[in-house]
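Peer 1: The structure's right below; bear with me while I get my questions together.
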Amino acid sequence: MVVVTLTTDFGLRDPYVAEMKGVILGLARTVHLVDVTHEVPRHDITEGALALEAVAPFFPAGTIHLAVVDPGVGTARRGIAVASGGHVFVGPDNGLFTPFLSGAFQAFELASPEHRMRTVSRTFHGRDVFAPAVAHVARGLALPHLGPAVTDPVRLGWPRARELAGTVAGTVVHVDRFGNLVTSIPADVVEPLPPGALIRVAGRTVPLVGTYADLAPGRAGALVGSRNRLEIAVREGSAAARLGARRGTPVVISRRTAPATKKRLQKV
C-alpha cells in the first residue's frame, strides 16, 4: 500500500482537502492517506517547506507527499514532481520543496494532459493537477511520463547557521503552537558547546538545558528540540511572547563565556 501525505494551508473549514482526497481515491483506492497539517499559515511557503522537512524523514521509502501552499496558482508557475531520498513530492514549483533539492534529485513538470482532470480550474490545481498526478504515481506511473525534466526548480533562500569568529549565528525559522522558537542552528553545532557558552536571542541571554523541565516554570532556556535544531523555550509559557521574537529574529551562540561588558545583557 502506498502512503500519501497531505500538507496545505487550506484549513478544515472548507471542503478543499476532501476534494483532493476524493480525486486521489477515485483513481487509486488502495492508497493510505495521512494528513500532515492543513494549518500552514496562508500563503506561507517557507512554513510549508519546514513542515515537510520535519515530517518526511519519518515516513517509509516510497511515500508520496502532496503539498499545496500555492499563492501563484493559475499563473505561469509550474507544477512539479520531485524524487528525492526515496520519496516523491508533488505540488507547485515555488520553493516548497527546497529542503529536498540538495544532493541527488530528479524533477519533472506536470505537463501531461492525460494525468490531470479533464477540466482544470485556474484556482484549484491541488485538486485538478496535483491530486491526479499523485494518484497516477501511486499506481506505478514513472515520473518522466508526467512531463519534461526540470533542471531549475525554484529554491527558497534557506536559512543556515554561519560561523563568525568564535560564534555561530542563526535565525528563528519557525514558531510552533507552544511559542517555542525553532532556529536554523543544527544539533551538531550545539552538542559540543563548552560549559558557560552563551545563547543570545532578542538582546537577552538564556541558558542551555537538556529539556523543558530543567527550567523553572516561566523561565526561558535553549535546548536541542525534536527537529534536531536549537530551540528557545519558556517552560509552560511562550518564548515568542516573552522575548518578542518571531521568524527572522537573530540567534547567536558564543563558544566563549561572557566578558564583563556583556554581563549587562538581561537574563530571562
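Residue numbering restarts at 1 in every chain; chains get A, B, ... in the order shown in the C-alpha cells, and ligands count up from 1 in that same order.
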For segment 109-114 of chain A, work out the shell of residues within 6 Å, counting only C-alpha atoms and skipping chain neighbours fewer than 4 positions away, then give it as a list in words.

Peer 2: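 So, after excluding close chain neighbours, the residues are Gly79, Ile80, Leu146, Gly147 and Pro148 of chain A.
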
Peer 1: Just the selected residues (N, CA and C atoms), exported as a short mmCIF file (atom, residue, chain, number, x, y, z; two decimals), in the first residue's frame, please.

Peer 2:
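Just written: again-v9.cif:
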```cif
data_model
loop_
_atom_site.label_atom_id
_atom_site.label_comp_id
_atom_site.auth_asym_id
_atom_site.auth_seq_id
_atom_site.Cartn_x
_atom_site.Cartn_y
_atom_site.Cartn_z
N GLY A 79 3.81 23.24 -12.11
CA GLY A 79 3.61 22.18 -11.15
C GLY A 79 4.71 21.16 -11.36
N ILE A 80 5.21 20.55 -10.28
CA ILE A 80 6.32 19.61 -10.42
C ILE A 80 6.12 18.39 -9.54
N LEU A 146 5.02 12.21 -16.64
CA LEU A 146 4.23 13.38 -16.24
C LEU A 146 4.57 14.61 -17.08
N GLY A 147 5.80 14.65 -17.62
CA GLY A 147 6.21 15.81 -18.39
C GLY A 147 7.72 15.93 -18.45
N PRO A 148 8.22 17.01 -19.03
CA PRO A 148 9.66 17.16 -19.23
C PRO A 148 10.42 17.35 -17.92
#
```

Peer 1: Leaving out segment 157-172 of chain A and any residue of its chain fewer than 5 positions from it, which residues lie within 6 Å of it when counting only C-alpha atoms, given as a list in words?

Peer 2: Leu181, Val182, Thr183, Ser184, Ile185, Arg247, Gly248, Thr249, Pro250, Val251, Val252, Ile253, Ser254 and Arg255 of chain A

Peer 1: Between atom CA of Ala241 of chain A and atom CA of Arg204 of chain A, measure the distance and give it in Å to one decimal.

Peer 2: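 Distance reported for this atom pair: 13.6 Å.
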
Peer 1: Name all residues at most 8 Å from Val209 of chain A (count only C-alpha atoms; drop same-chain ones fewer than 3 positions away) and give them as a list of chain:residue names.

Peer 2: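 Result of the neighbour search: A:Tyr212, A:Asp214, A:Leu215, A:Gly221, A:Ala222, A:Leu223.
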
Peer 1: May I have the selected residues written with C-alpha atoms, as a PDB file, in the first residue's frame?

Peer 2:
```
ATOM      1  CA  TYR A 212      11.926  21.870  29.265  1.00  0.00           C
ATOM      2  CA  ASP A 214      15.238  21.630  33.540  1.00  0.00           C
ATOM      3  CA  LEU A 215      13.874  25.180  33.646  1.00  0.00           C
ATOM      4  CA  GLY A 221      16.202  28.496  28.040  1.00  0.00           C
ATOM      5  CA  ALA A 222      17.693  26.904  24.949  1.00  0.00           C
ATOM      6  CA  LEU A 223      17.739  23.216  24.096  1.00  0.00           C
TER       7      LEU A 223
END
```

Peer 1: Here is a test: counting only C-alpha atoms, which residue of A:Gly218, A:Pro71, A:Pro99, A:Pro57 is nearest to His87 of chain A?

Peer 2: A:Pro57

Peer 1: Could you check which of A:Thr5, A:Ser238, A:Gln106, A:Thr151 is closest to Val175 of chain A, using only C-alpha atoms?

Peer 2: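 Of A:Thr5, A:Ser238, A:Gln106, A:Thr151, the one nearest Val175 of chain A is A:Ser238, counting only C-alpha atoms.
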
Peer 1: Among segment 9-240 of chain A, which residues carry a DSSP assignment of strand (DSSP E), reported as a PyMOL selection string?

Peer 2: chain A and resi 32-37+64-68+79-84+87-92+105-109+162-164+167-175+181-186+198-201+204-206+220-224+229-234

Peer 1: Keeping only C-alpha atoms, write the selected residues as an mmCIF file, in the first residue's frame.

Peer 2:
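Contents of out-v2.cif, as written:
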```cif
data_model
loop_
_atom_site.group_PDB
_atom_site.id
_atom_site.type_symbol
_atom_site.label_atom_id
_atom_site.label_comp_id
_atom_site.auth_asym_id
_atom_site.auth_seq_id
_atom_site.Cartn_x
_atom_site.Cartn_y
_atom_site.Cartn_z
ATOM 1 C CA HIS A 32 -3.229 5.232 2.654
ATOM 2 C CA LEU A 33 -3.848 8.965 3.165
ATOM 3 C CA VAL A 34 -2.141 10.790 6.047
ATOM 4 C CA ASP A 35 -2.839 14.425 6.934
ATOM 5 C CA VAL A 36 0.353 16.192 7.995
ATOM 6 C CA THR A 37 -1.203 19.614 8.552
ATOM 7 C CA ILE A 64 4.296 10.435 -1.948
ATOM 8 C CA HIS A 65 3.934 13.879 -0.368
ATOM 9 C CA LEU A 66 1.236 16.135 -1.824
ATOM 10 C CA ALA A 67 1.852 19.707 -0.689
ATOM 11 C CA VAL A 68 -0.162 22.759 -1.680
ATOM 12 C CA GLY A 79 3.607 22.175 -11.152
ATOM 13 C CA ILE A 80 6.318 19.613 -10.421
ATOM 14 C CA ALA A 81 7.014 16.159 -9.077
ATOM 15 C CA VAL A 82 10.347 15.730 -7.291
ATOM 16 C CA ALA A 83 12.005 12.407 -6.496
ATOM 17 C CA SER A 84 14.441 12.799 -3.610
ATOM 18 C CA HIS A 87 10.258 9.910 -1.634
ATOM 19 C CA VAL A 88 8.174 11.802 -4.197
ATOM 20 C CA PHE A 89 6.945 15.366 -3.645
ATOM 21 C CA VAL A 90 4.151 16.802 -5.777
ATOM 22 C CA GLY A 91 2.952 20.402 -5.823
ATOM 23 C CA PRO A 92 3.753 23.897 -7.094
ATOM 24 C CA PHE A 105 17.126 14.536 -7.042
ATOM 25 C CA GLN A 106 15.023 14.420 -10.188
ATOM 26 C CA ALA A 107 12.192 16.806 -11.018
ATOM 27 C CA PHE A 108 9.539 16.756 -13.729
ATOM 28 C CA GLU A 109 6.939 19.273 -14.812
ATOM 29 C CA ARG A 162 27.083 30.726 9.995
ATOM 30 C CA GLU A 163 30.428 30.525 11.798
ATOM 31 C CA LEU A 164 31.650 34.009 12.731
ATOM 32 C CA THR A 167 30.314 32.486 17.398
ATOM 33 C CA VAL A 168 27.580 30.727 15.484
ATOM 34 C CA ALA A 169 24.904 32.980 14.060
ATOM 35 C CA GLY A 170 21.473 31.768 13.031
ATOM 36 C CA THR A 171 17.877 32.911 12.991
ATOM 37 C CA VAL A 172 14.489 31.811 14.225
ATOM 38 C CA VAL A 173 12.900 29.867 11.355
ATOM 39 C CA HIS A 174 9.646 28.715 12.960
ATOM 40 C CA VAL A 175 7.415 29.444 15.955
ATOM 41 C CA LEU A 181 11.435 29.353 18.733
ATOM 42 C CA VAL A 182 12.914 26.788 16.340
ATOM 43 C CA THR A 183 16.205 28.074 14.903
ATOM 44 C CA SER A 184 18.416 27.419 11.893
ATOM 45 C CA ILE A 185 21.231 26.154 14.167
ATOM 46 C CA PRO A 186 21.589 22.342 13.938
ATOM 47 C CA LEU A 198 26.132 31.958 25.755
ATOM 48 C CA ILE A 199 22.992 31.895 23.671
ATOM 49 C CA ARG A 200 21.588 35.299 22.805
ATOM 50 C CA VAL A 201 18.211 35.988 21.292
ATOM 51 C CA ARG A 204 18.857 38.576 26.003
ATOM 52 C CA THR A 205 20.865 35.606 27.218
ATOM 53 C CA VAL A 206 19.385 32.207 28.001
ATOM 54 C CA ALA A 220 13.488 30.820 29.287
ATOM 55 C CA GLY A 221 16.202 28.496 28.040
ATOM 56 C CA ALA A 222 17.693 26.904 24.949
ATOM 57 C CA LEU A 223 17.739 23.216 24.096
ATOM 58 C CA VAL A 224 18.004 20.792 21.204
ATOM 59 C CA ARG A 229 17.702 22.163 15.871
ATOM 60 C CA LEU A 230 18.404 24.611 18.674
ATOM 61 C CA GLU A 231 15.144 25.865 20.166
ATOM 62 C CA ILE A 232 14.393 28.667 22.603
ATOM 63 C CA ALA A 233 11.579 27.845 25.012
ATOM 64 C CA VAL A 234 9.844 29.180 28.100
#
```

Peer 1: Kindly give the distance, in Å, that separates atom CA of Asp14 of chain A and atom CA of Gly126 of chain A, rounded to a single decimal.

Peer 2: 13.9 Å
